[in-house]
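The data block below is query-v4.pdb; it holds PDB, C-alpha atoms.
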ATOM      1  CA  MET A   1       0.000   0.000   0.000
ATOM      2  CA  LYS A   2       1.199   3.473  -0.895
ATOM      3  CA  PRO A   3       0.070   6.804   0.578
ATOM      4  CA  HIS A   4      -1.971   9.069  -1.702
ATOM      5  CA  GLU A   5      -3.174  12.569  -0.987
ATOM      6  CA  TYR A   6      -6.644  13.771  -1.874
ATOM      7  CA  SER A   7      -8.801  16.865  -1.628
ATOM      8  CA  MET A   8     -12.570  17.058  -1.994
ATOM      9  CA  ILE A   9     -13.851  19.423  -4.709
ATOM     10  CA  ARG A  10     -16.850  21.276  -3.317
ATOM     11  CA  CYS A  11     -19.421  23.735  -4.676
ATOM     12  CA  TYR A  12     -20.784  26.512  -2.459
ATOM     13  CA  PRO A  13     -23.976  28.220  -3.720
ATOM     14  CA  THR A  14     -23.633  30.960  -1.088
ATOM     15  CA  PRO A  15     -20.066  30.903   0.289
ATOM     16  CA  SER A  16     -20.968  32.881   3.410
ATOM     17  CA  THR A  17     -23.301  30.134   4.702
ATOM     18  CA  GLY A  18     -20.731  27.337   4.530
ATOM     19  CA  GLU A  19     -23.306  24.974   3.004
ATOM     20  CA  CYS A  20     -21.904  22.950   0.121
ATOM     21  CA  LEU A  21     -22.063  19.765  -1.930
ATOM     22  CA  ASN A  22     -19.216  17.539  -3.057
ATOM     23  CA  LEU A  23     -18.632  17.703  -6.800
ATOM     24  CA  GLY A  24     -15.709  15.296  -6.939
ATOM     25  CA  ALA A  25     -12.179  14.682  -5.731
ATOM     26  CA  LEU A  26      -8.572  15.369  -6.675
ATOM     27  CA  VAL A  27      -6.292  12.447  -5.826
ATOM     28  CA  GLY A  28      -2.558  12.042  -6.307
ATOM     29  CA  ASN A  29       0.662  10.260  -5.391
ATOM     30  CA  THR A  30       3.342  12.826  -4.582
ATOM     31  CA  ASP A  31       6.086  10.199  -4.931
ATOM     32  CA  SER A  32       5.198   9.184  -8.486
ATOM     33  CA  GLY A  33       3.752  12.564  -9.455
ATOM     34  CA  GLU A  34       0.546  10.978 -10.772
ATOM     35  CA  TRP A  35      -2.741  12.833 -10.218
ATOM     36  CA  ALA A  36      -6.357  12.354 -11.236
ATOM     37  CA  VAL A  37      -9.665  14.185 -10.983
ATOM     38  CA  ARG A  38     -12.982  12.392 -10.770
ATOM     39  CA  LEU A  39     -16.371  14.084 -10.687
ATOM     40  CA  LEU A  40     -19.843  12.808  -9.904
ATOM     41  CA  LYS A  41     -21.326  11.068 -12.921
ATOM     42  CA  ASP A  42     -24.713  12.650 -12.267
ATOM     43  CA  GLN A  43     -24.239  16.335 -11.441
ATOM     44  CA  GLY A  44     -27.945  17.105 -11.519
ATOM     45  CA  ARG A  45     -28.329  17.321  -7.771
ATOM     46  CA  VAL A  46     -25.370  19.721  -7.546
ATOM     47  CA  ALA A  47     -26.909  21.899 -10.264
ATOM     48  CA  ARG A  48     -30.238  21.965  -8.436
ATOM     49  CA  PHE A  49     -28.545  22.952  -5.176
ATOM     50  CA  VAL A  50     -25.994  25.524  -6.319
ATOM     51  CA  GLY A  51     -27.646  26.688  -9.540
ATOM     52  CA  ALA A  52     -26.543  26.194 -13.130
ATOM     53  CA  GLY A  53     -24.407  29.342 -13.156
ATOM     54  CA  ALA A  54     -22.439  28.406 -10.039
ATOM     55  CA  LEU A  55     -21.939  24.849 -11.289
ATOM     56  CA  SER A  56     -20.620  26.150 -14.614
ATOM     57  CA  ALA A  57     -18.140  28.363 -12.760
ATOM     58  CA  CYS A  58     -16.980  25.372 -10.704
ATOM     59  CA  LEU A  59     -16.611  23.198 -13.801
ATOM     60  CA  ALA A  60     -14.525  25.917 -15.462
ATOM     61  CA  VAL A  61     -12.028  25.666 -12.596
ATOM     62  CA  VAL A  62     -12.031  21.876 -12.908
ATOM     63  CA  ALA A  63     -11.341  22.216 -16.646
ATOM     64  CA  GLU A  64      -8.251  24.308 -15.865
ATOM     65  CA  LEU A  65      -7.222  21.696 -13.317
ATOM     66  CA  ASN A  66      -7.567  18.930 -15.903
ATOM     67  CA  GLU A  67      -5.332  20.900 -18.261
ATOM     68  CA  ALA A  68      -2.665  21.086 -15.546
ATOM     69  CA  LEU A  69      -2.949  17.335 -14.961
ATOM     70  CA  ALA A  70      -2.650  16.669 -18.694
ATOM     71  CA  ASP A  71       0.504  18.803 -18.877
ATOM     72  CA  ASN A  72       1.863  16.964 -15.856
ATOM     73  CA  GLU A  73       1.205  13.592 -17.494
ATOM     74  CA  ASP A  74       3.021  14.716 -20.645
ATOM     75  CA  ALA A  75       5.987  15.837 -18.553
ATOM     76  CA  LEU A  76       6.166  12.487 -16.765
ATOM     77  CA  GLU A  77       6.052  10.594 -20.061
ATOM     78  CA  ASN A  78       8.959  12.724 -21.308
ATOM     79  CA  GLY A  79      11.058  11.891 -18.247
ATOM     80  CA  ALA A  80      10.630  15.232 -16.472
ATOM     81  CA  ASP A  81       9.853  15.597 -12.777
ATOM     82  CA  SER A  82       6.331  16.446 -11.676
ATOM     83  CA  THR A  83       5.736  19.883 -10.191
ATOM     84  CA  LEU A  84       2.414  18.759  -8.725
ATOM     85  CA  ASN A  85       3.327  18.026  -5.121
ATOM     86  CA  SER A  86       1.996  18.682  -1.630
ATOM     87  CA  ASP A  87       2.869  22.373  -1.852
ATOM     88  CA  TRP A  88       0.936  22.628  -5.112
ATOM     89  CA  LEU A  89      -2.088  20.994  -3.495
ATOM     90  CA  ASN A  90      -1.916  23.283  -0.448
ATOM     91  CA  ASN A  91      -1.727  26.319  -2.737
ATOM     92  CA  LEU A  92      -4.756  25.041  -4.619
ATOM     93  CA  VAL A  93      -6.675  24.863  -1.354
ATOM     94  CA  ALA A  94      -5.576  28.363  -0.332
ATOM     95  CA  ASP A  95      -6.312  29.996  -3.699
ATOM     96  CA  HIS A  96      -9.947  28.890  -4.016
ATOM     97  CA  ASN A  97     -12.361  30.155  -1.378
ATOM     98  CA  ASN A  98     -15.459  31.214  -3.295
ATOM     99  CA  LEU A  99     -17.966  29.111  -5.299
ATOM    100  CA  ILE A 100     -15.497  26.229  -5.598
ATOM    101  CA  ARG A 101     -13.222  25.104  -2.792
ATOM    102  CA  PHE A 102     -10.801  22.277  -2.163
ATOM    103  CA  SER A 103     -10.826  20.628   1.244
ATOM    104  CA  ALA A 104      -7.701  20.398   3.370
ATOM    105  CA  PRO A 105      -5.554  17.504   2.056
ATOM    106  CA  SER A 106      -6.066  14.070   3.562
ATOM    107  CA  SER A 107      -4.398  10.695   2.990
ATOM    108  CA  VAL A 108      -5.655   7.377   1.700
ATOM    109  CA  MET A 109      -3.671   4.143   1.326
ATOM    110  CA  ALA A 110      -3.902   2.253  -1.962
ATOM    111  CA  GLU A 111      -1.757   0.228  -4.337
ATOM    112  CA  THR A 112      -2.521   2.380  -7.387
ATOM    113  CA  LEU A 113      -3.897   5.817  -8.182
ATOM    114  CA  GLU A 114      -7.041   4.243  -9.634
ATOM    115  CA  GLU A 115      -7.622   2.308  -6.415
ATOM    116  CA  ALA A 116      -7.073   5.458  -4.361
ATOM    117  CA  VAL A 117      -9.724   7.303  -6.391
ATOM    118  CA  GLU A 118     -12.152   4.431  -5.886
ATOM    119  CA  ARG A 119     -11.534   4.424  -2.138
ATOM    120  CA  VAL A 120     -12.121   8.173  -1.857
ATOM    121  CA  PHE A 121     -15.416   7.899  -3.747
ATOM    122  CA  GLN A 122     -16.460   4.850  -1.754
ATOM    123  CA  PHE A 123     -15.950   6.460   1.640
ATOM    124  CA  ARG A 124     -16.274  10.210   1.054
ATOM    125  CA  ILE A 125     -18.655  10.738  -1.868
ATOM    126  CA  LYS A 126     -22.060   9.251  -2.526
ATOM    127  CA  GLU A 127     -23.150   8.981  -6.128
ATOM    128  CA  PRO A 128     -26.824   9.931  -6.558
ATOM    129  CA  ARG A 129     -29.034   6.966  -5.868
ATOM    130  CA  ARG A 130     -31.394   6.163  -8.720
ATOM    131  CA  ARG A 131     -34.921   5.492  -7.656
ATOM    132  CA  GLU A 132     -36.735   2.263  -8.390
ATOM    133  CA  PRO A 133     -40.247   2.392  -9.855
ATOM    134  CA  ALA A 134     -41.704   0.441  -6.928
ATOM    135  CA  GLU A 135     -40.425   2.868  -4.306
ATOM    136  CA  GLY A 136     -42.667   5.520  -2.735
ATOM    137  CA  TRP A 137     -41.170   8.693  -4.143
ATOM    138  CA  LEU A 138     -42.543  12.201  -3.964
ATOM    139  CA  THR A 139     -40.904  14.992  -5.925
ATOM    140  CA  ARG A 140     -40.664  18.634  -4.891
ATOM    141  CA  ASN A 141     -42.575  19.508  -8.055
ATOM    142  CA  THR A 142     -45.542  17.580  -6.668
ATOM    143  CA  LEU A 143     -45.403  19.647  -3.483
ATOM    144  CA  LYS A 144     -45.211  22.833  -5.528
ATOM    145  CA  ALA A 145     -48.218  21.773  -7.608
ATOM    146  CA  ALA A 146     -50.158  21.120  -4.398
ATOM    147  CA  GLN A 147     -49.388  24.637  -3.183
ATOM    148  CA  ARG A 148     -50.398  26.074  -6.545
ATOM    149  CA  GLU A 149     -53.756  24.332  -6.399
ATOM    150  CA  ALA A 150     -54.347  25.425  -2.807
ATOM    151  CA  LEU A 151     -53.608  29.050  -3.726
ATOM    152  CA  SER A 152     -55.887  28.999  -6.770
ATOM    153  CA  LEU A 153     -58.648  30.561  -4.645
ATOM    154  CA  VAL A 154     -56.476  33.587  -3.875
ATOM    155  CA  SER A 155     -56.486  36.523  -6.274
ATOM    156  CA  PRO A 156     -53.788  35.810  -8.882
ATOM    157  CA  THR A 157     -52.627  39.436  -8.695
ATOM    158  CA  LEU A 158     -51.441  38.744  -5.141
ATOM    159  CA  VAL A 159     -49.722  35.399  -5.767
ATOM    160  CA  HIS A 160     -46.195  35.338  -7.161
ATOM    161  CA  GLU A 161     -44.736  31.985  -8.162
ATOM    162  CA  GLY A 162     -41.007  31.338  -8.285
ATOM    163  CA  ALA A 163     -39.806  34.411  -6.392
ATOM    164  CA  GLU A 164     -36.277  34.711  -5.025
ATOM    165  CA  LEU A 165     -35.418  36.244  -1.663
ATOM    166  CA  PHE A 166     -32.240  38.347  -1.384
ATOM    167  CA  VAL A 167     -30.959  39.202   2.098
ATOM    168  CA  GLY A 168     -28.024  41.493   2.725
ATOM    169  CA  ALA A 169     -25.306  41.638   0.090
ATOM    170  CA  SER A 170     -24.739  37.956  -0.654
ATOM    171  CA  VAL A 171     -27.476  35.630   0.621
ATOM    172  CA  SER A 172     -30.413  34.405  -1.452
ATOM    173  CA  SER A 173     -33.029  31.669  -1.342
ATOM    174  CA  LYS A 174     -35.612  30.407  -3.820
ATOM    175  CA  LEU A 175     -39.274  30.448  -2.866
ATOM    176  CA  ASP A 176     -42.169  28.507  -4.313
ATOM    177  CA  PHE A 177     -44.707  31.265  -3.720
ATOM    178  CA  ALA A 178     -44.993  34.724  -2.201
ATOM    179  CA  ILE A 179     -48.433  36.102  -1.355
ATOM    180  CA  GLY A 180     -48.825  39.737  -0.334
ATOM    181  CA  ASN A 181     -51.080  42.785  -0.402
ATOM    182  CA  GLY A 182     -48.507  45.519   0.173
ATOM    183  CA  SER A 183     -48.502  45.252   3.951
ATOM    184  CA  GLY A 184     -48.525  41.566   4.906
ATOM    185  CA  LEU A 185     -46.484  38.841   3.252
ATOM    186  CA  LEU A 186     -46.702  35.043   3.259
ATOM    187  CA  LEU A 187     -43.783  33.043   1.852
ATOM    188  CA  THR A 188     -44.202  29.348   1.063
ATOM    189  CA  HIS A 189     -41.928  26.513   0.056
ATOM    190  CA  GLY A 190     -42.026  22.719  -0.103
ATOM    191  CA  TRP A 191     -39.550  20.006   0.860
ATOM    192  CA  SER A 192     -39.797  16.302   0.085
ATOM    193  CA  PHE A 193     -37.931  13.701   2.112
ATOM    194  CA  LEU A 194     -39.187  10.803  -0.003
ATOM    195  CA  VAL A 195     -36.174  11.048  -2.286
ATOM    196  CA  GLY A 196     -32.794   9.430  -2.740
ATOM    197  CA  GLY A 197     -29.792  11.320  -1.387
ATOM    198  CA  VAL A 198     -32.059  12.772   1.278
ATOM    199  CA  GLU A 199     -29.104  14.091   3.278
ATOM    200  CA  GLU A 200     -28.847  16.821   0.664
ATOM    201  CA  VAL A 201     -32.394  17.936   1.420
ATOM    202  CA  GLY A 202     -31.329  18.604   5.000
ATOM    203  CA  THR A 203     -28.418  20.674   3.719
ATOM    204  CA  GLN A 204     -30.715  22.644   1.417
ATOM    205  CA  VAL A 205     -33.197  23.309   4.234
ATOM    206  CA  LYS A 206     -30.396  24.724   6.401
ATOM    207  CA  ALA A 207     -29.165  26.992   3.613
ATOM    208  CA  TRP A 208     -32.730  28.154   2.912
ATOM    209  CA  ALA A 209     -33.411  28.785   6.598
ATOM    210  CA  TYR A 210     -30.176  30.763   6.941
ATOM    211  CA  ALA A 211     -31.530  33.456   4.616
ATOM    212  CA  ILE A 212     -34.827  33.570   6.520
ATOM    213  CA  GLU A 213     -32.990  33.811   9.841
ATOM    214  CA  ARG A 214     -31.019  36.817   8.616
ATOM    215  CA  LEU A 215     -34.274  38.400   7.498
ATOM    216  CA  ARG A 216     -35.754  37.732  10.925
ATOM    217  CA  ASN A 217     -32.703  39.509  12.375
ATOM    218  CA  ARG A 218     -33.859  42.623  10.507
ATOM    219  CA  GLU A 219     -31.330  42.667   7.698
ATOM    220  CA  MET A 220     -32.400  44.480   4.553
ATOM    221  CA  ALA A 221     -34.113  42.157   2.092
ATOM    222  CA  GLN A 222     -36.013  42.213  -1.156
ATOM    223  CA  LEU A 223     -37.962  39.824  -3.346
ATOM    224  CA  MET A 224     -37.364  39.464  -7.049
ATOM    225  CA  TRP A 225     -40.230  38.184  -9.166
ATOM    226  CA  THR A 226     -39.727  36.110 -12.289
ATOM    227  CA  ASP A 227     -40.244  39.197 -14.466
ATOM    228  CA  GLY A 228     -37.338  40.976 -12.778
ATOM    229  CA  ALA A 229     -39.451  43.324 -10.671
ATOM    230  CA  THR A 230     -38.483  43.689  -7.008
ATOM    231  CA  ALA A 231     -40.282  44.410  -3.745
ATOM    232  CA  THR A 232     -39.078  45.281  -0.254
ATOM    233  CA  VAL A 233     -39.646  42.557   2.324
ATOM    234  CA  PRO A 234     -41.100  43.381   5.753
ATOM    235  CA  HIS A 235     -39.406  41.702   8.698
ATOM    236  CA  ASP A 236     -42.637  40.262  10.157
ATOM    237  CA  ILE A 237     -43.299  37.797   7.358
ATOM    238  CA  GLN A 238     -45.297  34.618   7.715
ATOM    239  CA  LEU A 239     -43.795  31.324   6.578
ATOM    240  CA  ALA A 240     -45.590  28.172   5.447
ATOM    241  CA  VAL A 241     -43.532  25.098   4.589
ATOM    242  CA  LEU A 242     -45.177  22.039   3.037
ATOM    243  CA  VAL A 243     -43.309  18.819   3.868
ATOM    244  CA  SER A 244     -43.660  15.168   2.936
ATOM    245  CA  ASN A 245     -43.518  12.292   5.364
ATOM    246  CA  ALA A 246     -40.532   9.919   5.517
ATOM    247  CA  GLN A 247     -40.103   6.146   5.308
ATOM    248  CA  THR A 248     -36.508   5.043   5.793
ATOM    249  CA  LEU A 249     -34.377   5.762   8.845
ATOM    250  CA  GLU A 250     -32.216   8.116   6.777
ATOM    251  CA  GLN A 251     -35.273   9.997   5.544
ATOM    252  CA  ARG A 252     -36.770  10.224   9.036
ATOM    253  CA  THR A 253     -33.508  11.546  10.458
ATOM    254  CA  ALA A 254     -33.223  14.218   7.767
ATOM    255  CA  ARG A 255     -36.866  15.182   8.272
ATOM    256  CA  GLU A 256     -36.564  15.488  12.055
ATOM    257  CA  GLU A 257     -33.436  17.619  11.764
ATOM    258  CA  SER A 258     -35.099  19.824   9.144
ATOM    259  CA  LEU A 259     -38.228  20.290  11.261
ATOM    260  CA  GLN A 260     -36.027  21.494  14.101
ATOM    261  CA  VAL A 261     -34.362  24.015  11.804
ATOM    262  CA  LEU A 262     -37.738  25.222  10.516
ATOM    263  CA  SER A 263     -39.083  25.627  14.044
ATOM    264  CA  GLU A 264     -36.138  27.900  14.854
ATOM    265  CA  ILE A 265     -37.179  30.326  12.082
ATOM    266  CA  HIS A 266     -40.826  30.158  13.211
ATOM    267  CA  ALA A 267     -42.157  28.497  10.075
ATOM    268  CA  GLU A 268     -45.622  26.937   9.979
ATOM    269  CA  VAL A 269     -44.867  23.335   8.973
ATOM    270  CA  ILE A 270     -47.733  21.738   7.041
ATOM    271  CA  PRO A 271     -47.879  18.023   6.160
ATOM    272  CA  TYR A 272     -48.423  17.179   2.501
ATOM    273  CA  GLY A 273     -52.156  16.586   2.084
ATOM    274  CA  ASP A 274     -53.088  19.502   4.374
ATOM    275  CA  GLU A 275     -51.994  22.214   1.940
ATOM    276  CA  GLN A 276     -55.410  23.918   2.197
ATOM    277  CA  ILE A 277     -53.947  25.435   5.392
ATOM    278  CA  ILE A 278     -51.739  27.554   3.139
ATOM    279  CA  ALA A 279     -54.847  28.950   1.448
ATOM    280  CA  GLU A 280     -56.358  29.643   4.859
ATOM    281  CA  MET A 281     -53.234  31.529   5.944
ATOM    282  CA  ALA A 282     -53.300  33.521   2.715
ATOM    283  CA  GLY A 283     -56.994  34.244   3.216
ATOM    284  CA  LYS A 284     -56.339  35.751   6.657
ATOM    285  CA  LEU A 285     -53.450  37.772   5.302
ATOM    286  CA  VAL A 286     -55.377  38.970   2.249
ATOM    287  CA  PRO A 287     -59.069  39.157   3.234
ATOM    288  CA  ALA A 288     -61.671  39.023   0.476
TER
END

As structure tokens, please, write out the structure in this file.
Amino acid sequence: MKPHEYSMIRCYPTPSTGECLNLGALVGNTDSGEWAVRLLKDQGRVARFVGAGALSACLAVVAELNEALADNEDALENGADSTLNSDWLNNLVADHNNLIRFSAPSSVMAETLEEAVERVFQFRIKEPRRREPAEGWLTRNTLKAAQREALSLVSPTLVHEGAELFVGASVSSKLDFAIGNGSGLLLTHGWSFLVGGVEEVGTQVKAWAYAIERLRNREMAQLMWTDGATATVPHDIQLAVLVSNAQTLEQRTAREESLQVLSEIHAEVIPYGDEQIIAEMAGKLVPA
């Protein structure tokens, strides 16, 4: 067995929150000078979490990294020494602290570079789990459709679908719906725990709640509608969050942790199937 160094490649949608998802890993043998990058085969969940723009920026950095590895491989084949060593890896970690970051170097024992990469992915990165048709799955789109139907009784001029909340200079969160009459405001969102890779849902809930918490702490905030128009957000908003149930132990754990987070930001948590409560809340906020 030979020691190999590795660093996790991570995407941060909002760097200030510290919430992130693993995109892949950089693994190398400083003795032989061999290095390799491996990314998740299915990057859809990363794109959904960080946004397409942030993922593209991260992939651009990875492309530059792959060019450096290709040059290094050419140098090794021509009998030259590799310049990609521990100092290079530490500099890589230090130089990237925004949308893409590299974790502090760690070690893994393996006979070959390929085996080292496999070990890192086996123990540090989970590939997205593909769902089976027989499993009880519930998508977030279904929860959003349920909210849409519940809000169909509210005047459409007061209901905004797909708004985005901006708090302070750098924090933002997507919202399913925002309902307001100029004085009161109800924000709604849905989370499903009947999904594969449910640990990511917990991460997303925390990142979403972070923006709400900062709003609750009276930081300046505004909403942007899908047409680009904006509106100032009052600090005494109401929150309604539609959530699914959970089946597996992993799903139940993620759900319980998320419910705790949502309680801390004073959100009204509504079980899927009781979404008419959202319409009732909107009706009290915006009387007929």

Under the rule that only C-alpha atoms are counted, which of A:Ala104, A:Val201, A:Val233, A:Leu187 is the nearest residue to Glu268 (chain A)? A:Leu187

Evaluating the PyMOL selection byres ((chain A and resi 56-59) around 12) on the displayed file yields which residues, as an MDAnalysis selection string? chainID A and resid 9:13 21:24 37:40 43 46:47 50:55 60:66 96:102

May I have the residues within 9 Å of region 70-79 of chain A as a PDB file with C-alpha atoms, in the frame of the given file, using all atoms listed in the file and disregarding those fewer than 3 positions away in the same chain?
ATOM      1  CA  SER A  32       5.198   9.184  -8.486  1.00  0.00           C
ATOM      2  CA  GLY A  33       3.752  12.564  -9.455  1.00  0.00           C
ATOM      3  CA  GLU A  34       0.546  10.978 -10.772  1.00  0.00           C
ATOM      4  CA  TRP A  35      -2.741  12.833 -10.218  1.00  0.00           C
ATOM      5  CA  LEU A  65      -7.222  21.696 -13.317  1.00  0.00           C
ATOM      6  CA  ASN A  66      -7.567  18.930 -15.903  1.00  0.00           C
ATOM      7  CA  GLU A  67      -5.332  20.900 -18.261  1.00  0.00           C
ATOM      8  CA  SER A  82       6.331  16.446 -11.676  1.00  0.00           C
ATOM      9  CA  THR A  83       5.736  19.883 -10.191  1.00  0.00           C
ATOM     10  CA  LEU A  84       2.414  18.759  -8.725  1.00  0.00           C
TER      11      LEU A  84
END

Just the number, please: distance in Å from CA of Gly273 (chain A) to CA of Gly197 (chain A), one decimal.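 Calculated distance between CA of Gly273 (chain A) and CA of Gly197 (chain A) is 23.2 Å.
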
Pick from A:Val27, A:Leu143, A:Val195, A:Val167, whichever lies nearest to Leu242 (chain A) using all atoms listed in the file: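 Going through A:Val27, A:Leu143, A:Val195, A:Val167 one by one, the smallest distance to Leu242 (chain A) is for A:Leu143.
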
Can you measure CA of Leu239 (chain A) to CA of Arg45 (chain A) for me? One decimal in Å is fine. 25.3 Å

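Take the candidates A:Ala36, A:Ile277, A:Met109, A:Ala229 and check each one against Ala163 (chain A) using only C-alpha atoms; the shortest distance goes to A:Ala229.
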
Suppose you want the space between CA of Asn181 (chain A) and CA of Gly162 (chain A); what is it in Å?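 Distance between the two atoms: 17.2 Å.
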
Need the neighbours of (-2.9, 3.1, -1.6): which residues are at most 6 Å away, counting all atoms listed in the file, as an NGL selection string? :A and (1-3 or 109-112 or 116)

N, CA and C atoms are needed for region 242-266 of chain A; please write them out as a compact mmCIF listing (two decimals), in the frame of the given file.
# COMPACT_ATOMS: atom_id res chain seq x y z
N LEU A 242 -44.49 23.31 3.27
CA LEU A 242 -45.18 22.04 3.04
C LEU A 242 -44.14 20.92 2.99
N VAL A 243 -44.31 19.89 3.80
CA VAL A 243 -43.31 18.82 3.87
C VAL A 243 -43.97 17.46 3.67
N SER A 244 -43.19 16.55 3.10
CA SER A 244 -43.66 15.17 2.94
C SER A 244 -43.40 14.40 4.22
N ASN A 245 -43.89 13.17 4.26
CA ASN A 245 -43.52 12.29 5.36
C ASN A 245 -42.19 11.63 5.02
N ALA A 246 -41.80 10.62 5.76
CA ALA A 246 -40.53 9.92 5.52
C ALA A 246 -40.74 8.44 5.81
N GLN A 247 -39.95 7.59 5.14
CA GLN A 247 -40.10 6.15 5.31
C GLN A 247 -38.87 5.50 5.93
N THR A 248 -37.72 5.69 5.31
CA THR A 248 -36.51 5.04 5.79
C THR A 248 -35.94 5.78 6.99
N LEU A 249 -35.03 5.14 7.69
CA LEU A 249 -34.38 5.76 8.85
C LEU A 249 -33.63 7.02 8.41
N GLU A 250 -32.96 6.96 7.28
CA GLU A 250 -32.22 8.12 6.78
C GLU A 250 -33.16 9.27 6.47
N GLN A 251 -34.29 8.96 5.87
CA GLN A 251 -35.27 10.00 5.54
C GLN A 251 -35.87 10.60 6.81
N ARG A 252 -36.18 9.73 7.78
CA ARG A 252 -36.77 10.22 9.04
C ARG A 252 -35.80 11.12 9.79
N THR A 253 -34.52 10.74 9.78
CA THR A 253 -33.51 11.55 10.46
C THR A 253 -33.39 12.92 9.82
N ALA A 254 -33.32 12.94 8.49
CA ALA A 254 -33.22 14.22 7.77
C ALA A 254 -34.46 15.07 8.02
N ARG A 255 -35.62 14.43 8.05
CA ARG A 255 -36.87 15.18 8.27
C ARG A 255 -36.90 15.78 9.67
N GLU A 256 -36.54 15.00 10.67
CA GLU A 256 -36.56 15.49 12.06
C GLU A 256 -35.60 16.66 12.24
N GLU A 257 -34.41 16.53 11.65
CA GLU A 257 -33.44 17.62 11.76
C GLU A 257 -33.94 18.87 11.06
N SER A 258 -34.59 18.68 9.90
CA SER A 258 -35.10 19.82 9.14
C SER A 258 -36.25 20.50 9.89
N LEU A 259 -37.12 19.71 10.51
CA LEU A 259 -38.23 20.29 11.26
C LEU A 259 -37.72 21.14 12.42
N GLN A 260 -36.62 20.71 13.03
CA GLN A 260 -36.03 21.49 14.10
C GLN A 260 -35.52 22.83 13.57
N VAL A 261 -34.87 22.78 12.43
CA VAL A 261 -34.36 24.02 11.80
C VAL A 261 -35.52 24.95 11.46
N LEU A 262 -36.59 24.40 10.90
CA LEU A 262 -37.74 25.22 10.52
C LEU A 262 -38.45 25.82 11.72
N SER A 263 -38.46 25.08 12.83
CA SER A 263 -39.08 25.63 14.04
C SER A 263 -38.30 26.82 14.56
N GLU A 264 -36.99 26.81 14.36
CA GLU A 264 -36.14 27.90 14.85
C GLU A 264 -36.35 29.19 14.08
N ILE A 265 -36.88 29.11 12.85
CA ILE A 265 -37.18 30.33 12.08
C ILE A 265 -38.68 30.62 12.10
N HIS A 266 -39.40 29.91 12.98
CA HIS A 266 -40.83 30.16 13.21
C HIS A 266 -41.65 29.94 11.94
